[in-house]
$ cat input.cif   # mmCIF, C-alpha atoms
data_run
#
loop_
_atom_site.group_PDB
_atom_site.id
_atom_site.type_symbol
_atom_site.label_atom_id
_atom_site.label_comp_id
_atom_site.auth_asym_id
_atom_site.auth_seq_id
_atom_site.Cartn_x
_atom_site.Cartn_y
_atom_site.Cartn_z
ATOM 1 C CA MET Z 1 -36.647 -21.685 5.528
ATOM 2 C CA LYS Z 2 -33.330 -23.547 5.274
ATOM 3 C CA ILE Z 3 -30.342 -23.061 2.988
ATOM 4 C CA SER Z 4 -29.258 -25.924 0.742
ATOM 5 C CA LEU Z 5 -26.133 -26.365 -1.373
ATOM 6 C CA ALA Z 6 -26.667 -27.817 -4.840
ATOM 7 C CA PRO Z 7 -24.196 -30.382 -6.220
ATOM 8 C CA VAL Z 8 -21.103 -28.982 -7.935
ATOM 9 C CA SER Z 9 -21.914 -29.030 -11.643
ATOM 10 C CA TYR Z 10 -18.381 -28.340 -12.897
ATOM 11 C CA CYS Z 11 -15.442 -30.673 -13.444
ATOM 12 C CA TRP Z 12 -13.211 -29.746 -10.511
ATOM 13 C CA ASP Z 13 -10.231 -31.912 -9.609
ATOM 14 C CA LYS Z 14 -10.488 -34.263 -6.645
ATOM 15 C CA ALA Z 15 -8.453 -32.081 -4.288
ATOM 16 C CA SER Z 16 -10.624 -29.042 -5.035
ATOM 17 C CA ILE Z 17 -13.828 -31.006 -4.485
ATOM 18 C CA GLU Z 18 -12.578 -32.430 -1.190
ATOM 19 C CA ASP Z 19 -11.472 -28.988 0.011
ATOM 20 C CA PHE Z 20 -14.808 -27.476 -1.015
ATOM 21 C CA TYR Z 21 -16.849 -30.016 0.922
ATOM 22 C CA GLN Z 22 -14.550 -29.826 3.927
ATOM 23 C CA GLN Z 23 -15.302 -26.118 4.081
ATOM 24 C CA ALA Z 24 -18.992 -26.851 3.488
ATOM 25 C CA ALA Z 25 -18.874 -29.214 6.469
ATOM 26 C CA ASN Z 26 -17.671 -26.332 8.645
ATOM 27 C CA SER Z 27 -20.316 -23.939 7.314
ATOM 28 C CA GLN Z 28 -23.787 -23.130 8.633
ATOM 29 C CA ILE Z 29 -25.514 -24.757 5.626
ATOM 30 C CA ASP Z 30 -28.272 -27.191 6.551
ATOM 31 C CA THR Z 31 -28.462 -29.510 3.540
ATOM 32 C CA VAL Z 32 -25.735 -30.523 1.094
ATOM 33 C CA TYR Z 33 -26.315 -32.254 -2.235
ATOM 34 C CA LEU Z 34 -23.357 -33.977 -3.844
ATOM 35 C CA GLY Z 35 -22.539 -36.219 -6.765
ATOM 36 C CA GLU Z 36 -21.859 -36.032 -10.494
ATOM 37 C CA THR Z 37 -25.014 -34.852 -12.249
ATOM 38 C CA VAL Z 38 -23.667 -33.737 -15.637
ATOM 39 C CA CYS Z 39 -21.339 -36.250 -17.320
ATOM 40 C CA SER Z 40 -20.236 -39.802 -16.483
ATOM 41 C CA ARG Z 41 -16.923 -39.217 -18.264
ATOM 42 C CA ARG Z 42 -15.856 -37.028 -15.377
ATOM 43 C CA ARG Z 43 -14.174 -39.813 -13.433
ATOM 44 C CA LEU Z 44 -11.970 -37.778 -11.104
ATOM 45 C CA LEU Z 45 -14.171 -38.904 -8.226
ATOM 46 C CA LYS Z 46 -15.767 -42.329 -7.955
ATOM 47 C CA PHE Z 47 -18.975 -43.242 -6.148
ATOM 48 C CA LYS Z 48 -16.977 -44.415 -3.132
ATOM 49 C CA ASP Z 49 -15.294 -40.989 -2.964
ATOM 50 C CA TYR Z 50 -18.659 -39.239 -2.858
ATOM 51 C CA LEU Z 51 -19.817 -41.722 -0.233
ATOM 52 C CA GLU Z 52 -16.802 -40.870 1.931
ATOM 53 C CA LEU Z 53 -17.577 -37.158 1.532
ATOM 54 C CA ALA Z 54 -21.195 -37.859 2.464
ATOM 55 C CA HIS Z 55 -20.131 -39.593 5.696
ATOM 56 C CA MET Z 56 -17.778 -36.728 6.520
ATOM 57 C CA LEU Z 57 -20.533 -34.161 5.983
ATOM 58 C CA LYS Z 58 -22.979 -36.207 8.041
ATOM 59 C CA SER Z 59 -20.474 -36.347 10.899
ATOM 60 C CA HIS Z 60 -20.526 -32.542 10.891
ATOM 61 C CA GLY Z 61 -24.299 -32.484 11.263
ATOM 62 C CA LYS Z 62 -25.263 -31.920 7.630
ATOM 63 C CA ASN Z 63 -28.290 -33.424 5.950
ATOM 64 C CA VAL Z 64 -26.719 -35.127 2.943
ATOM 65 C CA VAL Z 65 -28.416 -35.930 -0.355
ATOM 66 C CA LEU Z 66 -26.828 -37.953 -3.170
ATOM 67 C CA SER Z 67 -27.722 -36.431 -6.544
ATOM 68 C CA THR Z 68 -28.104 -38.559 -9.656
ATOM 69 C CA MET Z 69 -27.314 -37.892 -13.306
ATOM 70 C CA ALA Z 70 -29.693 -35.704 -15.296
ATOM 71 C CA LEU Z 71 -29.197 -37.652 -18.525
ATOM 72 C CA ILE Z 72 -28.838 -41.455 -18.541
ATOM 73 C CA GLU Z 73 -27.427 -42.690 -21.863
ATOM 74 C CA ALA Z 74 -25.695 -46.013 -21.219
ATOM 75 C CA GLN Z 75 -25.992 -49.240 -19.239
ATOM 76 C CA SER Z 76 -22.887 -48.283 -17.259
ATOM 77 C CA GLU Z 77 -24.636 -45.098 -16.137
ATOM 78 C CA LEU Z 78 -27.686 -47.099 -15.098
ATOM 79 C CA THR Z 79 -25.428 -49.399 -13.073
ATOM 80 C CA GLU Z 80 -23.906 -46.362 -11.361
ATOM 81 C CA LEU Z 81 -27.387 -45.014 -10.677
ATOM 82 C CA LYS Z 82 -28.330 -48.236 -8.894
ATOM 83 C CA LYS Z 83 -25.387 -47.740 -6.541
ATOM 84 C CA HIS Z 84 -26.905 -44.425 -5.489
ATOM 85 C CA ILE Z 85 -30.333 -45.947 -4.947
ATOM 86 C CA ASP Z 86 -28.899 -48.850 -2.944
ATOM 87 C CA ASN Z 87 -26.570 -46.781 -0.729
ATOM 88 C CA GLY Z 88 -28.726 -47.651 2.282
ATOM 89 C CA GLU Z 89 -28.122 -44.460 4.250
ATOM 90 C CA PHE Z 90 -28.506 -41.174 2.374
ATOM 91 C CA SER Z 91 -31.448 -39.514 0.644
ATOM 92 C CA ILE Z 92 -31.568 -39.373 -3.159
ATOM 93 C CA GLU Z 93 -32.176 -36.455 -5.493
ATOM 94 C CA ALA Z 94 -33.680 -38.040 -8.603
ATOM 95 C CA ASN Z 95 -32.787 -35.968 -11.659
ATOM 96 C CA ASP Z 96 -34.126 -38.441 -14.213
ATOM 97 C CA MET Z 97 -37.242 -40.613 -14.318
ATOM 98 C CA ALA Z 98 -35.068 -43.739 -14.247
ATOM 99 C CA ALA Z 99 -33.979 -42.704 -10.753
ATOM 100 C CA VAL Z 100 -37.607 -42.110 -9.768
ATOM 101 C CA GLN Z 101 -38.574 -45.582 -10.958
ATOM 102 C CA LEU Z 102 -35.682 -47.322 -9.194
ATOM 103 C CA ALA Z 103 -36.356 -45.425 -5.971
ATOM 104 C CA ARG Z 104 -40.009 -46.394 -6.187
ATOM 105 C CA GLN Z 105 -39.150 -50.069 -6.722
ATOM 106 C CA ALA Z 106 -36.816 -49.959 -3.723
ATOM 107 C CA ASN Z 107 -39.468 -48.148 -1.666
ATOM 108 C CA ILE Z 108 -37.048 -45.291 -0.966
ATOM 109 C CA PRO Z 109 -38.331 -41.722 -0.479
ATOM 110 C CA PHE Z 110 -36.681 -39.301 -2.892
ATOM 111 C CA ILE Z 111 -36.308 -35.628 -3.738
ATOM 112 C CA CYS Z 112 -37.490 -34.721 -7.230
ATOM 113 C CA GLY Z 113 -34.705 -32.715 -8.855
ATOM 114 C CA PRO Z 114 -35.173 -29.635 -11.056
ATOM 115 C CA THR Z 115 -34.313 -31.420 -14.307
ATOM 116 C CA ILE Z 116 -37.489 -33.509 -14.178
ATOM 117 C CA ASN Z 117 -40.198 -31.653 -16.094
ATOM 118 C CA ASN Z 118 -42.893 -31.000 -13.508
ATOM 119 C CA TYR Z 119 -45.258 -28.367 -14.829
ATOM 120 C CA ASN Z 120 -48.495 -29.010 -12.934
ATOM 121 C CA ARG Z 121 -49.853 -30.114 -9.592
ATOM 122 C CA ALA Z 122 -51.216 -33.375 -10.981
ATOM 123 C CA SER Z 123 -47.730 -34.646 -11.874
ATOM 124 C CA LEU Z 124 -46.408 -33.640 -8.460
ATOM 125 C CA ASP Z 125 -49.244 -35.441 -6.692
ATOM 126 C CA ILE Z 126 -48.487 -38.590 -8.700
ATOM 127 C CA LEU Z 127 -44.795 -38.363 -7.834
ATOM 128 C CA GLN Z 128 -45.691 -37.948 -4.174
ATOM 129 C CA THR Z 129 -47.597 -41.235 -4.277
ATOM 130 C CA MET Z 130 -44.417 -42.774 -5.712
ATOM 131 C CA GLY Z 131 -42.335 -41.566 -2.768
ATOM 132 C CA MET Z 132 -41.415 -37.938 -3.476
ATOM 133 C CA LYS Z 133 -40.865 -35.969 -0.265
ATOM 134 C CA ARG Z 134 -39.467 -32.756 -1.746
ATOM 135 C CA PHE Z 135 -39.797 -30.976 -5.067
ATOM 136 C CA VAL Z 136 -37.106 -28.705 -6.554
ATOM 137 C CA MET Z 137 -38.836 -26.287 -8.921
ATOM 138 C CA PRO Z 138 -37.596 -26.316 -12.546
ATOM 139 C CA TYR Z 139 -35.525 -23.199 -13.093
ATOM 140 C CA GLU Z 140 -37.627 -21.627 -15.826
ATOM 141 C CA LEU Z 141 -40.867 -21.472 -13.824
ATOM 142 C CA SER Z 142 -42.169 -18.426 -11.976
ATOM 143 C CA LYS Z 143 -43.293 -17.284 -8.567
ATOM 144 C CA ALA Z 144 -46.882 -17.056 -9.818
ATOM 145 C CA TRP Z 145 -46.740 -20.642 -11.100
ATOM 146 C CA LEU Z 146 -45.350 -21.901 -7.807
ATOM 147 C CA GLU Z 147 -47.956 -20.046 -5.746
ATOM 148 C CA SER Z 148 -50.795 -21.622 -7.713
ATOM 149 C CA VAL Z 149 -49.322 -25.115 -7.710
ATOM 150 C CA ILE Z 150 -48.503 -25.447 -4.006
ATOM 151 C CA SER Z 151 -51.771 -23.929 -2.797
ATOM 152 C CA GLU Z 152 -54.404 -25.428 -5.110
ATOM 153 C CA PRO Z 153 -56.680 -27.260 -4.790
ATOM 154 C CA THR Z 154 -55.275 -27.915 -1.309
ATOM 155 C CA LYS Z 155 -51.969 -26.878 0.209
ATOM 156 C CA ALA Z 156 -49.150 -29.197 -0.849
ATOM 157 C CA SER Z 157 -47.889 -31.627 1.791
ATOM 158 C CA PHE Z 158 -44.505 -32.127 0.100
ATOM 159 C CA GLU Z 159 -41.553 -29.816 0.727
ATOM 160 C CA VAL Z 160 -40.585 -27.174 -1.840
ATOM 161 C CA GLU Z 161 -37.102 -26.028 -2.844
ATOM 162 C CA VAL Z 162 -36.183 -23.147 -5.153
ATOM 163 C CA MET Z 163 -32.801 -22.331 -6.676
ATOM 164 C CA GLY Z 164 -32.093 -18.813 -5.474
ATOM 165 C CA HIS Z 165 -28.472 -18.208 -6.391
ATOM 166 C CA GLY Z 166 -26.073 -19.543 -9.022
ATOM 167 C CA TYR Z 167 -25.703 -20.119 -12.736
ATOM 168 C CA ILE Z 168 -28.854 -21.690 -14.161
ATOM 169 C CA PRO Z 169 -28.591 -25.110 -15.863
ATOM 170 C CA LEU Z 170 -30.740 -24.528 -18.952
ATOM 171 C CA ALA Z 171 -30.399 -27.759 -20.936
ATOM 172 C CA HIS Z 172 -28.598 -31.098 -21.248
ATOM 173 C CA SER Z 173 -27.619 -32.720 -24.526
ATOM 174 C CA ALA Z 174 -26.153 -35.994 -25.737
ATOM 175 C CA ARG Z 175 -23.566 -33.841 -27.528
ATOM 176 C CA CYS Z 176 -20.655 -32.329 -25.586
ATOM 177 C CA PHE Z 177 -20.310 -28.695 -26.572
ATOM 178 C CA THR Z 178 -17.048 -28.218 -24.668
ATOM 179 C CA ALA Z 179 -15.377 -31.089 -26.527
ATOM 180 C CA LYS Z 180 -16.738 -29.825 -29.843
ATOM 181 C CA HIS Z 181 -15.409 -26.329 -29.093
ATOM 182 C CA PHE Z 182 -11.889 -27.793 -28.906
ATOM 183 C CA GLY Z 183 -12.336 -30.106 -31.886
ATOM 184 C CA LEU Z 184 -12.439 -33.249 -29.750
ATOM 185 C CA ASN Z 185 -14.629 -36.320 -29.996
ATOM 186 C CA LYS Z 186 -16.941 -36.794 -27.017
ATOM 187 C CA ASP Z 187 -15.646 -40.333 -26.400
ATOM 188 C CA ASN Z 188 -12.056 -39.024 -26.360
ATOM 189 C CA CYS Z 189 -12.629 -35.648 -24.764
ATOM 190 C CA GLU Z 190 -9.570 -35.760 -22.458
ATOM 191 C CA THR Z 191 -11.934 -34.331 -19.801
ATOM 192 C CA ILE Z 192 -11.129 -30.944 -21.277
ATOM 193 C CA CYS Z 193 -13.886 -29.323 -19.179
ATOM 194 C CA GLN Z 194 -11.585 -29.703 -16.159
ATOM 195 C CA GLN Z 195 -9.680 -26.715 -17.536
ATOM 196 C CA HIS Z 196 -12.797 -24.548 -17.276
ATOM 197 C CA PRO Z 197 -13.998 -24.556 -13.640
ATOM 198 C CA LYS Z 198 -16.867 -22.164 -14.418
ATOM 199 C CA GLY Z 199 -17.613 -23.352 -17.945
ATOM 200 C CA ILE Z 200 -16.860 -21.511 -21.188
ATOM 201 C CA LEU Z 201 -18.608 -18.196 -21.674
ATOM 202 C CA ALA Z 202 -20.449 -17.860 -25.006
ATOM 203 C CA GLN Z 203 -21.403 -14.445 -26.377
ATOM 204 C CA THR Z 204 -23.717 -13.088 -29.035
ATOM 205 C CA GLN Z 205 -22.359 -11.332 -32.125
ATOM 206 C CA GLU Z 206 -22.956 -8.104 -30.219
ATOM 207 C CA GLN Z 207 -20.565 -9.348 -27.494
ATOM 208 C CA GLN Z 208 -23.356 -9.872 -24.990
ATOM 209 C CA ALA Z 209 -22.688 -12.692 -22.529
ATOM 210 C CA LEU Z 210 -25.398 -15.284 -23.213
ATOM 211 C CA LEU Z 211 -24.527 -18.847 -22.150
ATOM 212 C CA ARG Z 212 -21.941 -21.016 -20.404
ATOM 213 C CA LEU Z 213 -20.828 -24.270 -21.998
ATOM 214 C CA ASN Z 214 -20.302 -26.916 -19.321
ATOM 215 C CA GLY Z 215 -19.756 -30.180 -21.168
ATOM 216 C CA VAL Z 216 -23.161 -31.596 -22.147
ATOM 217 C CA GLN Z 217 -24.836 -28.958 -19.983
ATOM 218 C CA THR Z 218 -25.683 -25.421 -21.101
ATOM 219 C CA GLN Z 219 -25.931 -22.791 -18.363
ATOM 220 C CA SER Z 220 -26.888 -19.145 -18.132
ATOM 221 C CA ALA Z 221 -24.113 -16.594 -18.417
ATOM 222 C CA ALA Z 222 -25.794 -14.491 -15.738
ATOM 223 C CA ASN Z 223 -25.995 -15.468 -12.104
ATOM 224 C CA ILE Z 224 -29.539 -15.807 -10.781
ATOM 225 C CA ASP Z 225 -29.962 -13.854 -7.545
ATOM 226 C CA LEU Z 226 -33.240 -14.175 -5.656
ATOM 227 C CA THR Z 227 -31.937 -13.117 -2.246
ATOM 228 C CA GLN Z 228 -34.339 -10.174 -2.368
ATOM 229 C CA GLU Z 229 -37.207 -12.662 -2.651
ATOM 230 C CA ILE Z 230 -36.523 -14.657 0.511
ATOM 231 C CA ILE Z 231 -39.324 -13.061 2.531
ATOM 232 C CA SER Z 232 -41.765 -13.695 -0.317
ATOM 233 C CA MET Z 233 -40.609 -17.324 -0.536
ATOM 234 C CA GLN Z 234 -41.052 -17.829 3.202
ATOM 235 C CA GLN Z 235 -44.564 -16.441 3.064
ATOM 236 C CA MET Z 236 -45.421 -18.756 0.177
ATOM 237 C CA GLY Z 237 -44.198 -21.787 2.098
ATOM 238 C CA VAL Z 238 -40.910 -22.512 0.318
ATOM 239 C CA ASP Z 239 -38.835 -24.765 2.581
ATOM 240 C CA TYR Z 240 -35.350 -24.543 1.002
ATOM 241 C CA PHE Z 241 -33.401 -21.775 -0.741
ATOM 242 C CA ARG Z 242 -30.818 -23.459 -2.978
ATOM 243 C CA VAL Z 243 -27.361 -22.042 -3.663
ATOM 244 C CA SER Z 244 -25.576 -23.544 -6.667
ATOM 245 C CA PRO Z 245 -21.773 -23.477 -6.207
ATOM 246 C CA SER Z 246 -19.319 -22.044 -8.696
ATOM 247 C CA SER Z 247 -16.551 -21.137 -6.215
ATOM 248 C CA LEU Z 248 -15.733 -21.136 -2.513
ATOM 249 C CA ALA Z 249 -17.363 -17.707 -2.279
ATOM 250 C CA CYS Z 250 -20.796 -19.338 -2.483
ATOM 251 C CA LEU Z 251 -20.165 -20.838 0.964
ATOM 252 C CA ASP Z 252 -19.738 -17.344 2.395
ATOM 253 C CA LEU Z 253 -22.983 -16.357 0.732
ATOM 254 C CA ALA Z 254 -24.816 -19.392 2.108
ATOM 255 C CA ASN Z 255 -23.427 -18.747 5.597
ATOM 256 C CA GLU Z 256 -24.554 -15.135 5.479
ATOM 257 C CA LEU Z 257 -28.048 -16.176 4.453
ATOM 258 C CA THR Z 258 -28.234 -18.897 7.099
ATOM 259 C CA ASN Z 259 -27.155 -16.509 9.836
ATOM 260 C CA ALA Z 260 -29.599 -13.860 8.644
ATOM 261 C CA LEU Z 261 -32.497 -16.317 8.599
ATOM 262 C CA SER Z 262 -31.624 -17.832 11.972
ATOM 263 C CA HIS Z 263 -31.517 -14.387 13.594
ATOM 264 C CA ASP Z 264 -34.654 -13.203 11.770
ATOM 265 C CA VAL Z 265 -32.911 -10.169 10.262
ATOM 266 C CA VAL Z 266 -33.962 -10.720 6.655
ATOM 267 C CA ASP Z 267 -36.471 -8.139 5.430
ATOM 268 C CA ASP Z 268 -37.716 -6.911 2.068
ATOM 269 C CA LYS Z 269 -34.655 -4.685 1.673
ATOM 270 C CA TYR Z 270 -32.111 -7.305 2.660
ATOM 271 C CA GLU Z 271 -29.035 -7.479 0.436
ATOM 272 C CA LEU Z 272 -25.962 -9.637 0.834
ATOM 273 C CA PRO Z 273 -22.819 -7.504 1.044
ATOM 274 C CA PHE Z 274 -21.140 -9.474 -1.747
ATOM 275 C CA SER Z 275 -24.043 -10.825 -3.810
ATOM 276 C CA HIS Z 276 -23.582 -8.418 -6.707
ATOM 277 C CA ILE Z 277 -19.782 -8.337 -6.945
ATOM 278 C CA ASN Z 278 -18.320 -8.798 -10.439
ATOM 279 C CA THR Z 279 -21.192 -10.888 -11.778
ATOM 280 C CA GLN Z 280 -23.976 -10.292 -14.259
ATOM 281 C CA GLN Z 281 -27.267 -10.840 -12.415
ATOM 282 C CA CYS Z 282 -30.669 -12.092 -13.558
ATOM 283 C CA ASN Z 283 -34.032 -12.974 -12.021
ATOM 284 C CA GLY Z 284 -36.412 -12.873 -14.983
ATOM 285 C CA TYR Z 285 -37.823 -16.394 -14.750
ATOM 286 C CA TRP Z 286 -39.060 -15.803 -11.196
ATOM 287 C CA PHE Z 287 -41.136 -12.879 -12.452
ATOM 288 C CA GLY Z 288 -42.437 -14.661 -15.548
ATOM 289 C CA GLN Z 289 -40.121 -12.812 -17.918
ATOM 290 C CA ALA Z 290 -37.103 -13.725 -20.056
ATOM 291 C CA GLY Z 291 -34.642 -15.579 -17.871
ATOM 292 C CA LEU Z 292 -31.730 -13.248 -18.544
ATOM 293 C CA ALA Z 293 -33.725 -10.169 -17.494
ATOM 294 C CA GLN Z 294 -32.952 -8.342 -14.259
ATOM 295 C CA VAL Z 295 -36.265 -7.119 -12.842
#

$ encode --input "input.cif" --output "structure tokens"
Amino acid sequence: MKISLAPVSYCWDKASIEDFYQQAANSQIDTVYLGETVCSRRRLLKFKDYLELAHMLKSHGKNVVLSTMALIEAQSELTELKKHIDNGEFSIEANDMAAVQLARQANIPFICGPTINNYNRASLDILQTMGMKRFVMPYELSKAWLESVISEPTKASFEVEVMGHGYIPLAHSARCFTAKHFGLNKDNCETICQQHPKGILAQTQEQQALLRLNGVQTQSAANIDLTQEIISMQQMGVDYFRVSPSSLACLDLANELTNALSHDVVDDKYELPFSHINTQQCNGYWFGQAGLAQV
């Protein structure tokens, strides 16, 4: 099993993004996804900036994947998507069926991102005929579902990736909840989400942390932590354990996991020394329960 780094889903400034990926380049992480996947109004980095970061990461031995938007709403976003498809060098994570179709037309193998609703083996087999080489499981599905899908009727020949650590993207909407929270119009949002590098925490009336508002994306308030399930994932045939970044600390976590896997020291009682520090944890979806549950 290899460790992958999901694209940054928050609106960090350009200097912070560049510093983050420079440190990622010097990490032990195998595969790095990058690109804006949430909102096209976040224009702090252009496509050429991500391409430069991709070349830098590649020069440090990383497998680089360019991630596409999860919600295509305008012609300008479709034009930007075509730039990703036509980059001519790096793999693509298709997070929308428009990206799948364009990749298919260009005869480019792609990774099927978690925001595409794949809920059965038949759909995955069809996508594989269209060029899919890897499948990132949708966040709300379970271990039992994955076991049945990748082993029946025959063992899957495509690679499998599971998000194992980070805040869970639950939904995307045409409406920007962050802008609305501050009384701003989406078209004149002033990129207000830049002021909230981990989103805005939303609570229930009982003061229970429930969600994170991240522009048009809604995330879990709790941090999913499946590090205890790595052995089980390996035995099932999962190829990549995905870490979704919310700070530089996630690079330490990914390094620790990579080192542990490479030295074969992970066992069923393995626990990262900092994986439970100051964060609400959850793992319910993996066990077929409510996502916010900690089993």

$ closest_atom_pairs --input "input.cif" --of "segment 27-106 of chain Z" --to "segment 9-16 of chain Z" --cutoff "12 Å" --atoms "all atoms listed in the file" --output "CSV"
residue,atom,partner,partner_atom,distance
Z:Tyr33,CA,Z:Ser9,CA,10.9
Z:Leu34,CA,Z:Ser9,CA,9.3
Z:Gly35,CA,Z:Ser9,CA,8.7
Z:Glu36,CA,Z:Ser9,CA,7.1
Z:Thr37,CA,Z:Ser9,CA,6.6
Z:Val38,CA,Z:Ser9,CA,6.4
Z:Cys39,CA,Z:Cys11,CA,9.0
Z:Ser40,CA,Z:Cys11,CA,10.7
Z:Arg41,CA,Z:Cys11,CA,9.9
Z:Arg42,CA,Z:Cys11,CA,6.7
Z:Arg43,CA,Z:Cys11,CA,9.2
Z:Leu44,CA,Z:Lys14,CA,5.9
Z:Leu45,CA,Z:Lys14,CA,6.1
Z:Lys46,CA,Z:Lys14,CA,9.7
Z:Asp49,CA,Z:Lys14,CA,9.0
Z:Tyr50,CA,Z:Lys14,CA,10.3
Z:Leu53,CA,Z:Lys14,CA,11.2
Z:Ser67,CA,Z:Ser9,CA,10.7
Z:Thr68,CA,Z:Ser9,CA,11.5
Z:Met69,CA,Z:Ser9,CA,10.5
Z:Ala70,CA,Z:Ser9,CA,10.9

$ write_last_selection --input "input.cif" --atoms "C-alpha atoms" --output "PDB file, keeping the file's coordinate frame"
ATOM      1  CA  TYR Z  33     -26.315 -32.254  -2.235  1.00  0.00           C
ATOM      2  CA  LEU Z  34     -23.357 -33.977  -3.844  1.00  0.00           C
ATOM      3  CA  GLY Z  35     -22.539 -36.219  -6.765  1.00  0.00           C
ATOM      4  CA  GLU Z  36     -21.859 -36.032 -10.494  1.00  0.00           C
ATOM      5  CA  THR Z  37     -25.014 -34.852 -12.249  1.00  0.00           C
ATOM      6  CA  VAL Z  38     -23.667 -33.737 -15.637  1.00  0.00           C
ATOM      7  CA  CYS Z  39     -21.339 -36.250 -17.320  1.00  0.00           C
ATOM      8  CA  SER Z  40     -20.236 -39.802 -16.483  1.00  0.00           C
ATOM      9  CA  ARG Z  41     -16.923 -39.217 -18.264  1.00  0.00           C
ATOM     10  CA  ARG Z  42     -15.856 -37.028 -15.377  1.00  0.00           C
ATOM     11  CA  ARG Z  43     -14.174 -39.813 -13.433  1.00  0.00           C
ATOM     12  CA  LEU Z  44     -11.970 -37.778 -11.104  1.00  0.00           C
ATOM     13  CA  LEU Z  45     -14.171 -38.904  -8.226  1.00  0.00           C
ATOM     14  CA  LYS Z  46     -15.767 -42.329  -7.955  1.00  0.00           C
ATOM     15  CA  ASP Z  49     -15.294 -40.989  -2.964  1.00  0.00           C
ATOM     16  CA  TYR Z  50     -18.659 -39.239  -2.858  1.00  0.00           C
ATOM     17  CA  LEU Z  53     -17.577 -37.158   1.532  1.00  0.00           C
ATOM     18  CA  SER Z  67     -27.722 -36.431  -6.544  1.00  0.00           C
ATOM     19  CA  THR Z  68     -28.104 -38.559  -9.656  1.00  0.00           C
ATOM     20  CA  MET Z  69     -27.314 -37.892 -13.306  1.00  0.00           C
ATOM     21  CA  ALA Z  70     -29.693 -35.704 -15.296  1.00  0.00           C
TER      22      ALA Z  70
END

$ residues_around --input "input.cif" --residues "Lys198 of chain Z" --least-positions-apart "5" --cutoff "8 Å" --atoms "all atoms listed in the file" --output "PyMOL selection string"
chain Z and resi 10+212+214+246

$ closest_residue --input "input.cif" --among "Z:Gln289, Z:Ser151, Z:Asn107, Z:Asn117" --to "Gly131 of chain Z" --atoms "all atoms listed in the file"
Z:Asn107

$ atom_distance --input "input.cif" --atom1 "atom CA of Gln28 of chain Z" --atom2 "atom CA of Thr227 of chain Z"
16.9 Å

$ closest_residue --input "input.cif" --among "Z:Asn87, Z:Thr258, Z:Thr79, Z:Gln234" --to "Ser27 of chain Z" --atoms "all atoms listed in the file"
Z:Thr258

$ residues_around --input "input.cif" --residues "Ala171 of chain Z" --least-positions-apart "4" --cutoff "9 Å" --atoms "all atoms listed in the file" --output "compact mmCIF listing (two decimals) with C-alpha atoms, in the coordinates of the input"
# COMPACT_ATOMS: atom_id res chain seq x y z
CA THR Z 115 -34.31 -31.42 -14.31
CA VAL Z 216 -23.16 -31.60 -22.15
CA GLN Z 217 -24.84 -28.96 -19.98
CA THR Z 218 -25.68 -25.42 -21.10
CA GLN Z 219 -25.93 -22.79 -18.36

$ atom_distance --input "input.cif" --atom1 "atom CA of Leu210 of chain Z" --atom2 "atom CA of Gly113 of chain Z"
24.4 Å

$ residues_around --input "input.cif" --residues "segment 163-167 of chain Z" --least-positions-apart "2" --cutoff "7 Å" --atoms "all atoms listed in the file" --output "VMD selection string"
chain Z and resid 161 169 219 to 227 241 to 245

$ atom_distance --input "input.cif" --atom1 "atom CA of Ile108 of chain Z" --atom2 "atom CA of Asp239 of chain Z"
20.9 Å

$ closest_residue --input "input.cif" --among "Z:Gln105, Z:Gln128, Z:Gln205, Z:Gln281" --to "Ala156 of chain Z" --atoms "all atoms listed in the file"
Z:Gln128

$ residues_around --input "input.cif" --residues "Gly288 of chain Z" --least-positions-apart "5" --cutoff "9 Å" --atoms "all atoms listed in the file" --output "JSON, numbers by chain"
{"Z": [140, 141, 142, 143, 144, 145]}

$ write_last_selection --input "input.cif" --atoms "C-alpha atoms" --output "tab-separated table (two decimals), in the coordinates of the input"
chain	number	residue	atom	x	y	z
Z	140	GLU	CA	-37.63	-21.63	-15.83
Z	141	LEU	CA	-40.87	-21.47	-13.82
Z	142	SER	CA	-42.17	-18.43	-11.98
Z	143	LYS	CA	-43.29	-17.28	-8.57
Z	144	ALA	CA	-46.88	-17.06	-9.82
Z	145	TRP	CA	-46.74	-20.64	-11.10

$ residues_around --input "input.cif" --residues "segment 182-188 of chain Z" --least-positions-apart "3" --cutoff "12 Å" --atoms "only C-alpha atoms" --output "number ranges by chain"
Z: 39-42, 173-179, 191-193, 195, 200, 213, 215-216
